[in-house]
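The file coords.cif contains mmCIF, C-alpha atoms:
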```
data_query
#
loop_
_atom_site.label_atom_id
_atom_site.label_comp_id
_atom_site.auth_asym_id
_atom_site.auth_seq_id
_atom_site.Cartn_x
_atom_site.Cartn_y
_atom_site.Cartn_z
CA MET J 6 25.58 -5.57 -0.26
CA LYS J 7 21.77 -5.20 -0.08
CA LYS J 8 21.69 -6.61 3.43
CA GLN J 9 24.40 -4.18 4.51
CA GLN J 10 22.47 -1.26 2.99
CA LEU J 11 19.32 -2.23 4.81
CA LEU J 12 21.17 -2.66 8.10
CA GLU J 13 22.62 0.85 7.75
CA THR J 14 19.12 2.28 7.21
CA ILE J 15 17.63 0.38 10.17
CA ASN J 16 20.47 1.31 12.53
CA PHE J 17 20.20 4.98 11.55
CA LEU J 18 16.45 4.98 12.28
CA LYS J 19 16.94 3.22 15.63
CA LEU J 20 19.46 5.90 16.61
CA GLU J 21 16.84 8.49 15.62
CA GLY J 22 14.60 7.04 18.32
CA ILE J 23 12.33 4.75 16.31
CA THR J 24 11.89 1.81 18.66
CA ASN J 25 9.44 -1.10 18.75
CA PRO J 26 6.85 0.08 16.23
CA GLU J 27 3.91 -2.34 16.17
CA ILE J 28 2.10 -1.45 12.95
CA GLY J 29 3.44 -0.25 9.61
CA ILE J 30 1.23 1.83 7.32
CA VAL J 31 1.78 2.74 3.64
CA LEU J 32 -0.27 5.70 2.41
CA GLY J 33 -1.31 5.80 -1.25
CA THR J 34 -1.94 8.61 -3.72
CA GLY J 35 -4.04 11.41 -2.21
CA LEU J 36 -4.31 9.55 1.10
CA GLY J 37 -1.96 11.46 3.39
CA LYS J 38 -4.40 12.86 5.96
CA LEU J 39 -4.15 9.85 8.28
CA VAL J 40 -0.99 11.55 9.49
CA ASP J 41 -3.11 14.30 11.13
CA GLU J 42 -4.59 11.66 13.46
CA ILE J 43 -1.20 10.51 14.74
CA SER J 44 0.43 11.74 17.90
CA ILE J 45 3.79 12.27 16.17
CA LYS J 46 7.04 11.54 18.00
CA LYS J 47 9.36 11.77 15.04
CA GLN J 48 9.20 12.50 11.32
CA ILE J 49 12.11 12.08 8.98
CA PRO J 50 12.16 13.06 5.27
CA TYR J 51 13.16 10.14 3.05
CA SER J 52 16.00 12.27 1.69
CA ASN J 53 17.62 12.23 5.18
CA ILE J 54 17.52 8.44 5.53
CA PRO J 55 20.62 6.59 4.29
CA ASN J 56 19.97 4.38 1.22
CA PHE J 57 16.25 5.25 1.17
CA PRO J 58 14.72 6.07 -2.23
CA VAL J 59 13.13 9.53 -2.58
CA ALA J 60 9.48 9.86 -3.70
CA THR J 61 9.26 11.69 -7.02
CA VAL J 62 5.48 11.87 -7.50
CA GLU J 63 4.26 15.35 -6.61
CA PHE J 64 1.31 14.16 -4.51
CA HIS J 65 3.50 11.90 -2.36
CA SER J 66 5.16 13.75 0.49
CA GLY J 67 8.10 11.41 1.18
CA LYS J 68 8.36 11.18 4.97
CA LEU J 69 8.67 8.42 7.54
CA ILE J 70 6.43 9.22 10.51
CA TYR J 71 6.66 7.53 13.89
CA GLY J 72 4.06 8.04 16.59
CA GLU J 73 0.96 6.73 18.29
CA LEU J 74 -2.45 5.97 16.82
CA SER J 75 -5.35 4.16 18.52
CA GLY J 76 -3.05 3.32 21.43
CA LYS J 77 -0.43 1.59 19.24
CA LYS J 78 3.03 2.60 18.04
CA VAL J 79 2.80 3.14 14.30
CA LEU J 80 5.40 3.76 11.61
CA VAL J 81 3.95 5.41 8.52
CA MET J 82 5.34 5.75 5.03
CA ALA J 83 3.77 9.00 3.81
CA GLY J 84 4.72 8.57 0.17
CA ARG J 85 5.48 5.32 -1.63
CA PHE J 86 7.61 4.30 -4.60
CA HIS J 87 6.39 2.98 -7.96
CA LEU J 88 8.07 1.03 -10.73
CA TYR J 89 6.81 3.66 -13.19
CA GLU J 90 9.04 6.27 -11.51
CA GLY J 91 12.05 4.34 -12.76
CA TYR J 92 12.77 2.52 -9.50
CA ASN J 93 13.55 -1.17 -9.52
CA ALA J 94 11.55 -3.69 -7.50
CA TRP J 95 14.13 -3.68 -4.66
CA GLU J 96 13.79 0.11 -4.27
CA VAL J 97 9.98 0.02 -4.50
CA THR J 98 9.84 -2.40 -1.56
CA TYR J 99 12.78 -1.02 0.43
CA GLY J 100 10.43 0.71 2.85
CA ILE J 101 8.62 -2.54 3.66
CA ARG J 102 11.91 -4.30 4.45
CA THR J 103 12.89 -1.30 6.61
CA LEU J 104 9.61 -1.30 8.57
CA HIS J 105 9.93 -5.04 9.12
CA GLY J 106 13.55 -4.66 10.23
CA LEU J 107 12.42 -2.09 12.80
CA GLY J 108 10.00 -4.63 14.26
CA ILE J 109 6.47 -4.05 12.92
CA LYS J 110 4.11 -6.99 13.43
CA ASN J 111 1.35 -6.01 10.98
CA LEU J 112 1.20 -3.96 7.79
CA LEU J 113 -1.70 -1.85 6.48
CA ILE J 114 -1.58 -0.52 2.92
CA SER J 115 -3.77 1.95 1.07
CA ASN J 116 -3.95 2.87 -2.60
CA ALA J 117 -6.05 4.74 -5.11
CA ALA J 118 -7.41 2.45 -7.85
CA GLY J 119 -9.80 2.32 -10.78
CA ALA J 120 -13.01 0.30 -10.50
CA ILE J 121 -13.15 -2.48 -13.11
CA ASN J 122 -16.13 -4.12 -11.40
CA LEU J 123 -18.90 -1.87 -12.72
CA SER J 124 -21.10 -2.39 -9.67
CA TYR J 125 -18.41 -0.54 -7.67
CA LYS J 126 -18.49 3.24 -7.95
CA LYS J 127 -15.96 6.05 -7.59
CA GLY J 128 -15.67 7.05 -3.96
CA ASP J 129 -16.22 3.45 -2.76
CA LEU J 130 -13.71 1.44 -0.70
CA MET J 131 -12.53 -2.06 -1.55
CA LEU J 132 -10.73 -4.48 0.72
CA ILE J 133 -8.25 -6.51 -1.35
CA GLU J 134 -8.76 -10.26 -0.99
CA ASP J 135 -6.41 -11.38 -3.75
CA HIS J 136 -4.34 -9.91 -6.54
CA ILE J 137 -3.00 -10.40 -10.06
CA ASN J 138 0.52 -9.18 -10.80
CA LEU J 139 0.77 -7.73 -14.33
CA GLN J 140 3.81 -5.58 -13.61
CA GLY J 141 6.15 -7.99 -15.35
CA SER J 142 8.53 -8.32 -12.40
CA SER J 143 8.91 -9.67 -8.88
CA PRO J 144 10.60 -8.00 -5.90
CA LEU J 145 12.01 -11.43 -4.98
CA ALA J 146 13.82 -11.93 -8.30
CA PHE J 147 17.33 -10.72 -7.54
CA LYS J 148 20.65 -12.32 -6.67
CA GLY J 149 20.84 -13.10 -2.95
CA ALA J 150 17.10 -12.60 -2.35
CA ASN J 151 16.97 -15.89 -0.45
CA SER J 152 19.07 -14.35 2.34
CA PHE J 153 15.90 -12.40 3.30
CA GLY J 154 13.61 -15.44 3.38
CA ASN J 155 12.04 -18.00 1.06
CA ILE J 156 11.99 -16.62 -2.50
CA PHE J 157 9.30 -19.16 -3.40
CA ALA J 158 6.88 -17.29 -1.16
CA ASP J 159 3.52 -19.06 -0.98
CA MET J 160 0.83 -16.72 -2.34
CA LEU J 161 -2.12 -18.88 -1.32
CA GLU J 162 -3.18 -16.15 1.11
CA PRO J 163 -1.25 -12.94 0.38
CA TYR J 164 -3.67 -10.84 2.46
CA SER J 165 -4.19 -11.80 6.10
CA LYS J 166 -7.62 -13.35 6.57
CA GLU J 167 -7.48 -12.38 10.23
CA ILE J 168 -6.87 -8.67 9.54
CA ASN J 169 -9.40 -8.69 6.68
CA ASN J 170 -12.08 -10.12 8.99
CA LYS J 171 -11.31 -7.40 11.53
CA MET J 172 -11.54 -4.80 8.75
CA LEU J 173 -14.97 -6.09 7.67
CA ALA J 174 -16.19 -6.16 11.28
CA VAL J 175 -15.06 -2.56 11.84
CA ALA J 176 -16.72 -1.47 8.57
CA LYS J 177 -19.98 -3.07 9.73
CA THR J 178 -19.81 -1.41 13.15
CA GLN J 179 -19.06 1.97 11.59
CA ASN J 180 -21.67 1.54 8.86
CA ILE J 181 -19.08 1.96 6.10
CA GLN J 182 -19.68 0.17 2.81
CA LEU J 183 -16.60 -1.97 2.17
CA HIS J 184 -16.49 -4.05 -1.00
CA THR J 185 -14.08 -6.98 -1.32
CA GLY J 186 -12.29 -8.02 -4.47
CA VAL J 187 -9.30 -8.76 -6.65
CA TYR J 188 -6.76 -5.99 -7.32
CA THR J 189 -4.64 -6.12 -10.46
CA SER J 190 -1.36 -4.24 -10.48
CA VAL J 191 -0.07 -2.86 -13.79
CA LEU J 192 3.14 -1.01 -14.54
CA GLY J 193 1.72 2.36 -15.68
CA PRO J 194 2.11 5.29 -15.60
CA GLN J 195 -0.23 5.54 -18.61
CA LEU J 196 -3.80 4.50 -17.97
CA GLU J 197 -5.37 1.52 -19.68
CA THR J 198 -6.91 1.26 -23.14
CA ARG J 199 -10.49 0.07 -23.68
CA ALA J 200 -9.09 -3.29 -24.80
CA GLU J 201 -7.00 -3.57 -21.62
CA TYR J 202 -10.04 -2.79 -19.46
CA ARG J 203 -11.96 -5.52 -21.29
CA MET J 204 -9.07 -7.93 -20.64
CA LEU J 205 -9.10 -7.02 -16.94
CA GLN J 206 -12.84 -7.74 -16.83
CA ILE J 207 -12.18 -11.18 -18.37
CA PHE J 208 -9.56 -11.72 -15.62
CA GLU J 209 -12.31 -11.04 -13.04
CA THR J 210 -10.41 -8.04 -11.72
CA ASP J 211 -12.39 -5.71 -9.47
CA ALA J 212 -9.89 -2.83 -9.26
CA VAL J 213 -6.70 -1.82 -11.08
CA GLY J 214 -3.73 0.21 -9.87
CA MET J 215 0.04 0.68 -10.15
CA SER J 216 1.27 -0.24 -6.67
CA THR J 217 0.72 -2.49 -3.61
CA VAL J 218 1.46 -5.91 -5.15
CA PRO J 219 5.28 -5.67 -4.84
CA GLU J 220 4.93 -4.58 -1.19
CA VAL J 221 2.56 -7.45 -0.44
CA ILE J 222 4.88 -10.02 -2.08
CA VAL J 223 7.76 -8.81 0.10
CA ALA J 224 5.54 -8.86 3.21
CA LYS J 225 4.75 -12.48 2.36
CA GLN J 226 8.44 -13.36 2.04
CA LEU J 227 8.99 -11.79 5.49
CA ASN J 228 5.94 -13.57 7.01
CA LEU J 229 4.47 -10.16 7.79
CA PRO J 230 0.65 -10.18 7.97
CA CYS J 231 -0.84 -7.44 5.83
CA ALA J 232 -4.10 -5.98 4.58
CA ALA J 233 -4.79 -3.42 1.86
CA ILE J 234 -7.63 -1.09 0.98
CA SER J 235 -8.25 0.55 -2.39
CA VAL J 236 -10.02 3.87 -2.60
CA LEU J 237 -11.83 3.65 -5.95
CA THR J 238 -11.28 6.96 -7.72
CA ASP J 239 -12.61 6.31 -11.22
CA GLU J 240 -14.88 3.91 -13.09
CA CYS J 241 -13.23 1.97 -15.92
CA ASP J 242 -16.12 1.07 -18.18
CA PRO J 243 -14.68 0.21 -21.62
CA LYS J 244 -18.11 0.81 -23.24
CA ASN J 245 -18.39 4.28 -21.77
CA LEU J 246 -14.85 5.50 -21.19
CA GLN J 247 -14.37 9.12 -20.16
CA PRO J 248 -11.08 11.08 -20.23
CA VAL J 249 -9.38 10.80 -16.85
CA ASP J 250 -8.55 13.91 -14.87
CA ILE J 251 -5.75 13.26 -12.35
CA ALA J 252 -6.86 16.28 -10.29
CA GLU J 253 -10.34 14.73 -10.01
CA ILE J 254 -8.82 11.39 -8.94
CA ILE J 255 -6.89 13.13 -6.16
CA ALA J 256 -10.04 15.04 -5.14
CA ILE J 257 -12.12 11.82 -4.94
CA ALA J 258 -9.36 10.10 -2.95
CA GLY J 259 -9.39 13.06 -0.53
CA LYS J 260 -13.19 12.95 -0.19
CA THR J 261 -13.26 9.23 0.55
CA GLU J 262 -10.19 9.28 2.78
CA PRO J 263 -12.04 9.96 6.10
CA LYS J 264 -13.80 6.57 5.76
CA MET J 265 -10.48 4.82 5.18
CA ILE J 266 -8.91 6.63 8.16
CA SER J 267 -11.83 5.59 10.34
CA LEU J 268 -11.41 1.94 9.26
CA PHE J 269 -7.65 1.93 9.82
CA LYS J 270 -8.04 3.47 13.29
CA GLY J 271 -10.68 0.89 14.24
CA VAL J 272 -8.55 -2.01 13.02
CA ILE J 273 -5.38 -0.74 14.69
CA GLU J 274 -7.24 -0.81 18.02
CA LEU J 275 -7.99 -4.50 17.45
CA LEU J 276 -4.49 -5.56 16.36
#
```

In structure tokens, write the structure found in this file.
Amino acid sequence: MKKQQLLETINFLKLEGITNPEIGIVLGTGLGKLVDEISIKKQIPYSNIPNFPVATVEFHSGKLIYGELSGKKVLVMAGRFHLYEGYNAWEVTYGIRTLHGLGIKNLLISNAAGAINLSYKKGDLMLIEDHINLQGSSPLAFKGANSFGNIFADMLEPYSKEINNKMLAVAKTQNIQLHTGVYTSVLGPQLETRAEYRMLQIFETDAVGMSTVPEVIVAKQLNLPCAAISVLTDECDPKNLQPVDIAEIIAIAGKTEPKMISLFKGVIELL
């Protein structure tokens, strides 16, 4: 059933003219401006794509965009899905399976996250080297999941060392400060308590968010090399916790976004 669904989606998009994309990109909260850099050939609202979930978060636009960036064919998910919206893990990662089915060879992911490592500040960028899954579920835990690949996906290296090295090299060339670290994914949508932030510090987490990990697990099952960058939008200091303003988070993401766009463009050239 799931395989049939996916096939329907992929065939529909092929008929719409989406052919041989090389790089898939997932844009996180407040990080939609990369789209302005793309020479767009086709954009399709999620609501027009058979079997595709529809983004419900107001700051996610919900479009699949196909075009050219840095000389490569890219397929961009402008708007992603979260478990906290009431989707299940299959729906949250449906876009990744679709991009892979259409032929992408590499996947780049962005997200907005809170800085747990107190030497990292809001407005900084962090390249994810490893992650901790605290969402209480796996996108590979469903009946028939093994028809898509090995469900016992090896998470020794969930993020491609090769792409990460390229990312660090581009950051150096462009004089962009790029931290590296561990990203912990929680369910949300509520933010964390002081006690939870202290726990995350004990876990040696550098940044916390509510996305990315399910997509990366699925990419691993599909043997799809991926890399992910967090835009750090707030500082999660349990000893000095301030009320969080979502509007401010979106504003900081928007302010930092040009650096992320610059990195992604530089890396895409090298892939």

Test item: the PyMOL selection byres ((chain J and resi 227) around 9) resolved as JSON, numbers by chain
{"J": [102, 105, 153, 154, 155, 158, 222, 223, 224, 225, 226, 228, 229, 230]}

What are the closest atom pairs, with distances in Å to one decimal, for each residue of segment 154-233 of chain J lying within 6 Å of segment 117-132 of chain J, using only C-alpha atoms, rows by chain and rising residue number, as JSON lines?
```
{"residue": "J:Leu183", "atom": "CA", "partner": "J:Leu130", "partner_atom": "CA", "distance": 5.3}
{"residue": "J:His184", "atom": "CA", "partner": "J:Met131", "partner_atom": "CA", "distance": 4.5}
{"residue": "J:Thr185", "atom": "CA", "partner": "J:Leu132", "partner_atom": "CA", "distance": 4.7}
{"residue": "J:Asp211", "atom": "CA", "partner": "J:Asn122", "partner_atom": "CA", "distance": 4.5}
{"residue": "J:Ala212", "atom": "CA", "partner": "J:Ala120", "partner_atom": "CA", "distance": 4.6}
{"residue": "J:Val213", "atom": "CA", "partner": "J:Gly119", "partner_atom": "CA", "distance": 5.2}
{"residue": "J:Gly214", "atom": "CA", "partner": "J:Ala118", "partner_atom": "CA", "distance": 4.8}
```

Quick one: residues within 8 Å of Lys77 of chain J, only C-alpha atoms, excluding same-chain residues fewer than 6 positions away - as a short mmCIF file (atom, residue, chain, number, x, y, z; two decimals) with C-alpha atoms, in the coordinates of the input?
```cif
data_model
loop_
_atom_site.label_atom_id
_atom_site.label_comp_id
_atom_site.auth_asym_id
_atom_site.auth_seq_id
_atom_site.Cartn_x
_atom_site.Cartn_y
_atom_site.Cartn_z
CA GLU J 27 3.91 -2.34 16.17
CA ILE J 28 2.10 -1.45 12.95
CA ILE J 273 -5.38 -0.74 14.69
CA GLU J 274 -7.24 -0.81 18.02
#
```

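Selection check: the PyMOL selection byres ((chain J and resi 111-114) around 9) on the shown file gives Glu27, Ile28, Gly29, Ile30, Val31, Leu32, Gly33, Ile101, Leu104, His105, Ile109, Lys110, Ser115, Asn116, Ile168, Thr217, Glu220, Val221, Ala224, Leu229, Pro230, Cys231, Ala232, Ala233, Ile234, Ser235, Phe269 and Leu276 of chain J.
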
Counting all atoms listed in the file, which residue out of J:Ile257, J:Leu80, J:Glu96, J:Glu262 sits closest to Gly108 of chain J?
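Among the listed residues, the smallest separation from Gly108 of chain J belongs to J:Leu80.
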
Which residues, written as a PyMOL selection string, have at least one atom at most 12 Å from Phe57 of chain J, with all atoms listed in the file counted and residues fewer than 3 positions away on the same chain left out?
chain J and resi 7+10-15+17-18+49-54+60+67-69+82+85-86+92+95-104

Just add N, CA and C atoms to segment 257-276 of chain J and send it as a compact mmCIF listing (two decimals), in the coordinates of the input.
```txt
# COMPACT_ATOMS: atom_id res chain seq x y z
N ILE J 257 -11.25 12.92 -5.40
CA ILE J 257 -12.12 11.82 -4.94
C ILE J 257 -11.44 11.03 -3.82
N ALA J 258 -10.13 10.79 -4.00
CA ALA J 258 -9.36 10.10 -2.95
C ALA J 258 -9.48 10.89 -1.64
N GLY J 259 -9.32 12.20 -1.73
CA GLY J 259 -9.39 13.06 -0.53
C GLY J 259 -10.76 13.03 0.13
N LYS J 260 -11.82 12.95 -0.71
CA LYS J 260 -13.19 12.95 -0.19
C LYS J 260 -13.53 11.64 0.51
N THR J 261 -12.97 10.56 0.00
CA THR J 261 -13.26 9.23 0.55
C THR J 261 -12.35 8.89 1.72
N GLU J 262 -11.23 9.59 1.78
CA GLU J 262 -10.19 9.28 2.78
C GLU J 262 -10.69 9.18 4.22
N PRO J 263 -11.60 10.07 4.69
CA PRO J 263 -12.04 9.96 6.10
C PRO J 263 -12.59 8.58 6.46
N LYS J 264 -13.27 7.92 5.49
CA LYS J 264 -13.80 6.57 5.76
C LYS J 264 -12.66 5.58 5.94
N MET J 265 -11.63 5.72 5.09
CA MET J 265 -10.48 4.82 5.18
C MET J 265 -9.74 5.02 6.51
N ILE J 266 -9.59 6.29 6.90
CA ILE J 266 -8.91 6.63 8.16
C ILE J 266 -9.67 6.00 9.33
N SER J 267 -10.98 6.13 9.29
CA SER J 267 -11.83 5.59 10.34
C SER J 267 -11.68 4.07 10.44
N LEU J 268 -11.61 3.40 9.29
CA LEU J 268 -11.41 1.94 9.26
C LEU J 268 -10.06 1.56 9.83
N PHE J 269 -9.01 2.24 9.35
CA PHE J 269 -7.65 1.93 9.82
C PHE J 269 -7.54 2.12 11.34
N LYS J 270 -8.10 3.21 11.84
CA LYS J 270 -8.04 3.47 13.29
C LYS J 270 -8.74 2.36 14.08
N GLY J 271 -9.92 1.95 13.57
CA GLY J 271 -10.68 0.89 14.24
C GLY J 271 -9.93 -0.43 14.24
N VAL J 272 -9.29 -0.74 13.13
CA VAL J 272 -8.55 -2.01 13.02
C VAL J 272 -7.30 -2.00 13.88
N ILE J 273 -6.60 -0.85 13.90
CA ILE J 273 -5.38 -0.74 14.69
C ILE J 273 -5.67 -1.01 16.17
N GLU J 274 -6.83 -0.55 16.63
CA GLU J 274 -7.24 -0.81 18.02
C GLU J 274 -7.33 -2.30 18.29
N LEU J 275 -7.76 -3.06 17.27
CA LEU J 275 -7.99 -4.50 17.45
C LEU J 275 -6.74 -5.34 17.25
N LEU J 276 -5.69 -4.76 16.67
CA LEU J 276 -4.49 -5.56 16.36
C LEU J 276 -3.57 -5.69 17.57
```
